[in-house]
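> For reference, the file target_22.cif (mmCIF, C-alpha atoms) is included below:
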data_target
#
loop_
_atom_site.label_atom_id
_atom_site.label_comp_id
_atom_site.auth_asym_id
_atom_site.auth_seq_id
_atom_site.Cartn_x
_atom_site.Cartn_y
_atom_site.Cartn_z
CA MET C 252 195.78 15.76 -22.04
CA LEU C 253 197.24 16.23 -18.57
CA ALA C 254 197.28 12.47 -18.01
CA GLN C 255 199.21 11.94 -21.25
CA LEU C 256 201.74 14.59 -20.29
CA ARG C 257 202.18 12.99 -16.85
CA ASP C 258 202.70 9.56 -18.39
CA LEU C 259 205.27 11.00 -20.78
CA ILE C 260 207.27 12.63 -18.00
CA LEU C 261 207.06 9.66 -15.66
CA SER C 262 207.50 6.97 -18.27
CA PRO C 263 210.23 4.34 -17.76
CA GLN C 264 212.18 5.85 -20.66
CA GLN C 265 212.47 9.18 -18.83
CA VAL C 266 212.99 8.17 -15.20
CA GLU C 267 215.66 5.82 -13.97
CA SER C 268 214.90 4.09 -10.71
CA LEU C 269 217.17 5.37 -7.98
CA SER C 270 217.51 3.82 -4.56
CA ALA C 271 218.54 5.65 -1.42
CA THR C 272 221.58 3.37 -1.22
CA HIS C 273 222.81 4.42 -4.65
CA VAL C 274 222.36 8.10 -3.84
CA LEU C 275 224.16 7.81 -0.48
CA VAL C 276 227.03 5.80 -1.97
CA THR C 277 227.45 8.31 -4.80
CA LEU C 278 227.43 11.31 -2.47
CA SER C 279 229.77 9.53 -0.05
CA VAL C 280 232.29 8.81 -2.81
CA ALA C 281 232.07 12.43 -3.99
CA ALA C 282 232.54 13.67 -0.42
CA LEU C 283 235.55 11.36 0.06
CA CYS C 284 237.16 12.68 -3.13
CA GLY C 285 236.40 16.23 -2.02
CA LEU C 286 237.95 15.56 1.37
CA VAL C 287 241.15 14.33 -0.29
CA ILE C 288 241.28 17.49 -2.40
CA PHE C 289 240.56 19.57 0.72
CA LEU C 290 243.49 18.03 2.60
CA VAL C 291 245.88 18.34 -0.36
CA TYR C 292 245.00 22.02 -0.79
CA ARG C 293 245.25 22.61 2.97
CA TYR C 294 248.67 21.06 3.58
CA PHE C 295 250.49 21.21 0.23
CA ASN C 296 249.28 24.37 -1.51
CA LYS C 297 252.05 26.99 -1.46
CA GLY C 298 249.99 30.03 -2.40
CA VAL C 299 250.60 33.36 -0.72
CA VAL C 300 247.25 33.38 1.11
CA TYR C 301 245.31 30.31 2.26
CA SER C 302 241.51 30.69 2.23
CA VAL C 303 239.56 28.11 4.23
CA HIS C 304 236.32 29.29 2.58
CA TYR C 305 237.74 28.60 -0.88
CA ASN C 306 238.92 25.20 0.28
CA MET C 307 235.45 24.37 1.62
CA LEU C 308 234.02 25.48 -1.73
CA ILE C 309 236.15 22.86 -3.52
CA LEU C 310 234.73 20.12 -1.31
CA MET C 311 231.18 21.37 -1.87
CA VAL C 312 231.74 21.49 -5.64
CA CYS C 313 232.46 17.74 -5.63
CA VAL C 314 229.24 16.88 -3.82
CA VAL C 315 227.05 19.39 -5.66
CA THR C 316 228.35 18.27 -9.05
CA ALA C 317 227.64 14.64 -8.17
CA LEU C 318 224.13 15.60 -7.07
CA ILE C 319 223.54 17.39 -10.38
CA ILE C 320 224.74 14.39 -12.39
CA ILE C 321 222.47 12.08 -10.40
CA SER C 322 219.49 14.31 -11.19
CA ILE C 323 220.37 14.69 -14.87
CA GLY C 324 220.88 10.96 -15.29
CA SER C 325 217.58 10.05 -13.66
CA ASN C 326 215.20 12.42 -15.47
CA LEU C 327 215.52 13.75 -19.01
CA VAL C 328 213.05 16.60 -18.51
CA LEU C 329 214.80 17.67 -15.30
CA SER C 330 218.15 17.62 -17.07
CA LEU C 331 216.89 20.04 -19.72
CA GLY C 332 215.54 22.38 -17.08
CA MET C 333 218.73 22.20 -15.05
CA VAL C 334 220.88 23.03 -18.08
CA GLY C 335 218.74 26.11 -18.66
CA ALA C 336 218.97 27.11 -15.00
CA LEU C 337 222.75 26.69 -14.87
CA SER C 338 223.19 28.79 -18.00
CA ILE C 339 222.20 31.94 -16.07
CA VAL C 340 224.75 31.40 -13.29
CA ARG C 341 227.61 33.90 -13.31
CA PHE C 342 230.73 33.68 -11.18
CA ARG C 343 232.25 37.08 -10.40
CA ALA C 344 234.97 36.10 -7.90
CA ALA C 345 238.47 36.69 -9.26
CA VAL C 346 240.91 33.77 -8.93
CA LYS C 347 244.43 35.14 -8.56
CA ASP C 348 246.37 31.86 -8.55
CA PRO C 349 246.01 29.65 -11.67
CA LEU C 350 246.44 26.58 -9.45
CA ASP C 351 243.18 27.49 -7.68
CA VAL C 352 241.38 27.08 -11.02
CA GLY C 353 242.98 23.66 -11.35
CA PHE C 354 241.62 22.62 -7.95
CA ILE C 355 238.11 23.68 -8.99
CA PHE C 356 238.36 21.60 -12.18
CA TRP C 357 239.67 18.72 -10.09
CA GLY C 358 236.64 18.95 -7.83
CA VAL C 359 234.25 19.13 -10.80
CA ALA C 360 235.89 16.09 -12.44
CA ALA C 361 235.67 14.07 -9.22
CA GLY C 362 232.01 15.02 -8.83
CA LEU C 363 231.21 14.15 -12.46
CA THR C 364 232.76 10.70 -12.30
CA ALA C 365 231.21 9.94 -8.92
CA GLY C 366 227.80 11.15 -10.09
CA ALA C 367 228.06 8.90 -13.15
CA ARG C 368 228.68 5.96 -10.76
CA LEU C 369 232.24 5.51 -11.98
CA TYR C 370 233.39 5.15 -8.40
CA LEU C 371 236.68 3.43 -9.18
CA VAL C 372 237.58 6.12 -11.72
CA ALA C 373 236.72 8.87 -9.25
CA LEU C 374 238.76 7.37 -6.40
CA LEU C 375 241.78 6.30 -8.46
CA GLY C 376 241.80 9.55 -10.43
CA THR C 377 241.67 11.65 -7.26
CA ALA C 378 244.44 9.60 -5.64
CA PHE C 379 246.64 9.80 -8.74
CA ILE C 380 246.25 13.59 -9.09
CA ALA C 381 246.88 14.04 -5.36
CA VAL C 382 250.13 12.07 -5.49
CA LEU C 383 251.23 13.88 -8.66
CA TYR C 384 250.57 17.30 -7.13
CA ILE C 385 252.36 16.42 -3.89
CA VAL C 386 255.43 15.17 -5.81
CA LEU C 387 255.54 18.31 -7.96
CA THR C 388 255.19 20.47 -4.84
CA MET C 389 258.04 18.68 -3.11
CA VAL C 390 260.28 19.12 -6.15
CA ARG C 391 259.47 22.82 -6.26
CA ILE C 392 260.30 23.24 -2.57
CA GLU C 393 263.87 22.05 -3.13
CA LYS C 394 264.71 25.26 -4.94
CA ARG C 395 262.35 28.18 -4.27
CA SER C 396 262.30 31.63 -5.83
CA PHE C 397 262.42 34.77 -3.71
CA LEU C 398 262.58 38.49 -4.27
CA ILE C 399 265.41 40.21 -2.46
CA ILE C 400 264.95 43.93 -1.82
CA VAL C 401 268.07 45.86 -0.82
CA ARG C 402 267.91 49.50 0.22
CA TYR C 403 271.26 51.26 0.48
CA ALA C 404 273.05 54.59 0.19
CA PRO C 405 274.52 55.54 -3.21
CA GLU C 406 278.10 55.28 -1.94
CA ALA C 407 277.54 51.55 -1.18
CA GLU C 408 276.69 50.72 -4.80
CA GLU C 409 279.88 48.82 -5.62
CA ARG C 410 279.95 46.84 -2.36
CA VAL C 411 276.31 45.78 -2.70
CA SER C 412 276.83 44.78 -6.34
CA ALA C 413 279.82 42.65 -5.32
CA LEU C 414 277.69 40.86 -2.71
CA LEU C 415 274.80 40.26 -5.12
CA LEU C 416 276.94 39.01 -8.01
CA PRO C 417 277.68 35.50 -6.60
CA LEU C 418 273.95 34.96 -5.91
CA ASN C 419 273.06 34.78 -9.64
CA ILE C 420 270.25 37.28 -9.31
CA ARG C 421 267.81 38.42 -12.01
CA LEU C 422 267.22 42.15 -11.70
CA LYS C 423 263.52 43.07 -11.53
CA ASN C 424 263.57 46.71 -10.52
CA LYS C 425 265.99 49.42 -9.47
CA THR C 426 264.88 52.72 -7.95
CA ALA C 427 267.25 55.62 -7.43
CA ALA C 428 266.14 58.59 -5.32
CA LYS C 429 267.82 61.32 -3.34
CA GLY C 430 269.72 59.71 -0.52
CA PHE C 431 269.08 56.04 -1.29
CA THR C 432 268.91 53.33 -3.96
CA GLU C 433 266.57 50.32 -3.87
CA VAL C 434 267.18 47.14 -5.88
CA THR C 435 264.62 44.34 -6.34
CA ALA C 436 265.93 41.09 -7.81
CA GLU C 437 264.85 37.47 -8.15
CA ILE C 438 267.02 34.95 -6.33
CA ARG C 439 266.92 31.17 -5.89
CA VAL C 440 267.25 29.79 -2.36
CA ARG C 441 268.18 26.15 -1.83
CA ARG C 442 266.78 24.37 1.23
CA GLY C 443 265.98 27.60 3.05
CA ASP C 444 269.61 28.80 3.19
CA THR C 445 269.43 32.56 3.84
CA SER C 446 272.88 33.01 5.37
CA PHE C 447 273.76 35.57 2.70
CA ILE C 448 271.42 38.15 4.25
CA GLU C 449 273.43 38.88 7.41
CA PRO C 450 276.73 39.94 5.72
CA MET C 451 274.74 42.16 3.37
CA ARG C 452 272.80 43.75 6.23
CA GLN C 453 276.00 44.54 8.13
CA GLU C 454 277.59 46.25 5.14
CA ASP C 455 278.17 49.98 5.61
CA GLY C 456 275.53 52.04 3.83
CA VAL C 457 272.92 49.28 3.66
CA GLU C 458 269.70 50.40 5.35
CA GLY C 459 267.75 47.17 5.03
CA VAL C 460 267.44 43.79 3.31
CA THR C 461 264.05 42.11 2.71
CA LEU C 462 263.42 38.61 1.33
CA VAL C 463 259.95 37.75 -0.01
CA GLU C 464 258.84 34.48 -1.61
CA TYR C 465 258.22 34.97 -5.32
CA THR C 466 255.49 32.97 -7.08
CA GLY C 467 255.94 34.33 -10.60
CA ASP C 468 253.95 37.57 -10.48
CA TYR C 469 253.65 40.70 -8.37
CA ALA C 470 249.92 40.31 -7.57
#
Please express the file's structure as structure tokens.

Amino acid sequence: MLAQLRDLILSPQQVESLSATHVLVTLSVAALCGLVIFLVYRYFNKGVVYSVHYNMLILMVCVVTALIIISIGSNLVLSLGMVGALSIVRFRAAVKDPLDVGFIFWGVAAGLTAGARLYLVALLGTAFIAVLYIVLTMVRIEKRSFLIIVRYAPEAEERVSALLLPLNIRLKNKTAAKGFTEVTAEIRVRRGDTSFIEPMRQEDGVEGVTLVEYTGDYA
């Protein structure tokens, strides 16, 4: 009985012969794709906070996914057990930036294609997505969104409004308290031109002007 079970598991229909060369080539391609993603995230991601640990995770996802696909493709019984094991995995870390989720999917896709020995697809797909992301990032840099926060005395209301009007702002919040008023508005800045801040700061009654890059949410 045990001999029959062993023959079933180790039969040619269940196990695909794998050489060390194939495994090393597959993992090398996955690591190369992960390195490309790592560099793109490191130098072109414009998130508020850069996490080197998260970036290393993306690279590891490529290699680990490729390793899983190699194992699943070589042994049917192992693939069933691995699917059951992966079903109990739960990820609790919150991802604040939607683009970070995209990078994880990018890493998984690169690992899947590399693990399936579609090396050309993995390399060309990674290169194409990298170029596309860099181009989109460069286009976005040309005109960036900021939040301008102006704190001023109530008597400077009209002068501050006159200075903000030509900037085509979108009002986000206005707080009025005893002794001061604070306005938060979205503003577009072209090519890093912030020359409008100094005249506003020197205006009588203005206590302070703050400019913060705005990514679309307050988190």
> Which residues fall under the PyMOL selection byres ((chain C and resi 307-317) around 10) in this file, as a count of residues only?
43
> Quick check on the file I pasted: which residues fall under the PyMOL selection byres ((chain C and resi 418) around 9)? Write them as a CSV table (one decimal) with C-alpha atoms, keeping the file's coordinate frame.

chain,number,residue,atom,x,y,z
C,414,LEU,CA,277.7,40.9,-2.7
C,415,LEU,CA,274.8,40.3,-5.1
C,416,LEU,CA,276.9,39.0,-8.0
C,417,PRO,CA,277.7,35.5,-6.6
C,419,ASN,CA,273.1,34.8,-9.6
C,420,ILE,CA,270.2,37.3,-9.3
C,438,ILE,CA,267.0,35.0,-6.3
C,439,ARG,CA,266.9,31.2,-5.9
C,447,PHE,CA,273.8,35.6,2.7
> What does the distance between atom CA of C:Val300 and atom CA of C:Leu375 come to in Å, to one decimal place?
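It comes out at 29.2 Å.
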> Counting all atoms listed in the file, which residue out of C:Pro450, C:Ala436, C:Gly456, C:Val372 sits closest to C:Glu409?
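For C:Glu409, the nearest of the candidates is C:Gly456.
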> Return as an MDAnalysis selection string the set of residues that the PyMOL selection byres ((chain C and resi 462) around 7) yields on the displayed structure.
chainID C and resid 397:400 460:461 463:464
> Could you dump the residues just selected with C-alpha atoms as a JSON list (two decimals), keeping the file's coordinate frame?

[["chain", "number", "residue", "atom", "x", "y", "z"],
["C", 397, "PHE", "CA", 262.42, 34.77, -3.71],
["C", 398, "LEU", "CA", 262.58, 38.49, -4.27],
["C", 399, "ILE", "CA", 265.41, 40.21, -2.46],
["C", 400, "ILE", "CA", 264.95, 43.93, -1.82],
["C", 460, "VAL", "CA", 267.44, 43.79, 3.31],
["C", 461, "THR", "CA", 264.05, 42.11, 2.71],
["C", 463, "VAL", "CA", 259.95, 37.75, -0.01],
["C", 464, "GLU", "CA", 258.84, 34.48, -1.61]]
> Please list, as a ChimeraX atom specification, the residues that have an atom at most 8 Å away from (259.9, 46.3, -6.9) in the coordinates of this file, counting all atoms listed in the file.
/C:400,423-425,434-435
> Tell me which of C:Val457, C:Met451, C:Leu374, C:Ala413 sits closest to C:Thr432, counting only C-alpha atoms.
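Answer, going by the shortest atom-to-atom distance: C:Val457.
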> Find the distance between atom CA of C:Glu433 and atom CA of C:Tyr403 and write it in Å to one decimal.
6.5 Å
> Can you tell me how far atom CA of C:Arg421 sits from atom CA of C:Glu437, in Å to one decimal?
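Interatomic distance here is 5.0 Å.
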> Kindly indicate which residue among C:Phe295, C:Leu371, C:Thr426, C:Val352 lies nearest to C:Arg402, using only C-alpha atoms for the distances.
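So, comparing all the options, the nearest one is C:Thr426.
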> Under the rule that all atoms listed in the file are counted, which of C:Ala427, C:Val291, C:Ala271, C:Ile448 is the nearest residue to C:Val382?
C:Val291
> For stretch 271-288 of chain C, take all atoms listed in the file, fit an axis-aligned box around them, add 8 Å to each of the six sides, then output centre and edge lengths in Å rounded to one decimal, as lines of an AutoDock Vina configuration file.

center_x = 229.9
center_y = 10.4
center_z = -1.7
size_x = 38.7
size_y = 30.1
size_z = 22.2
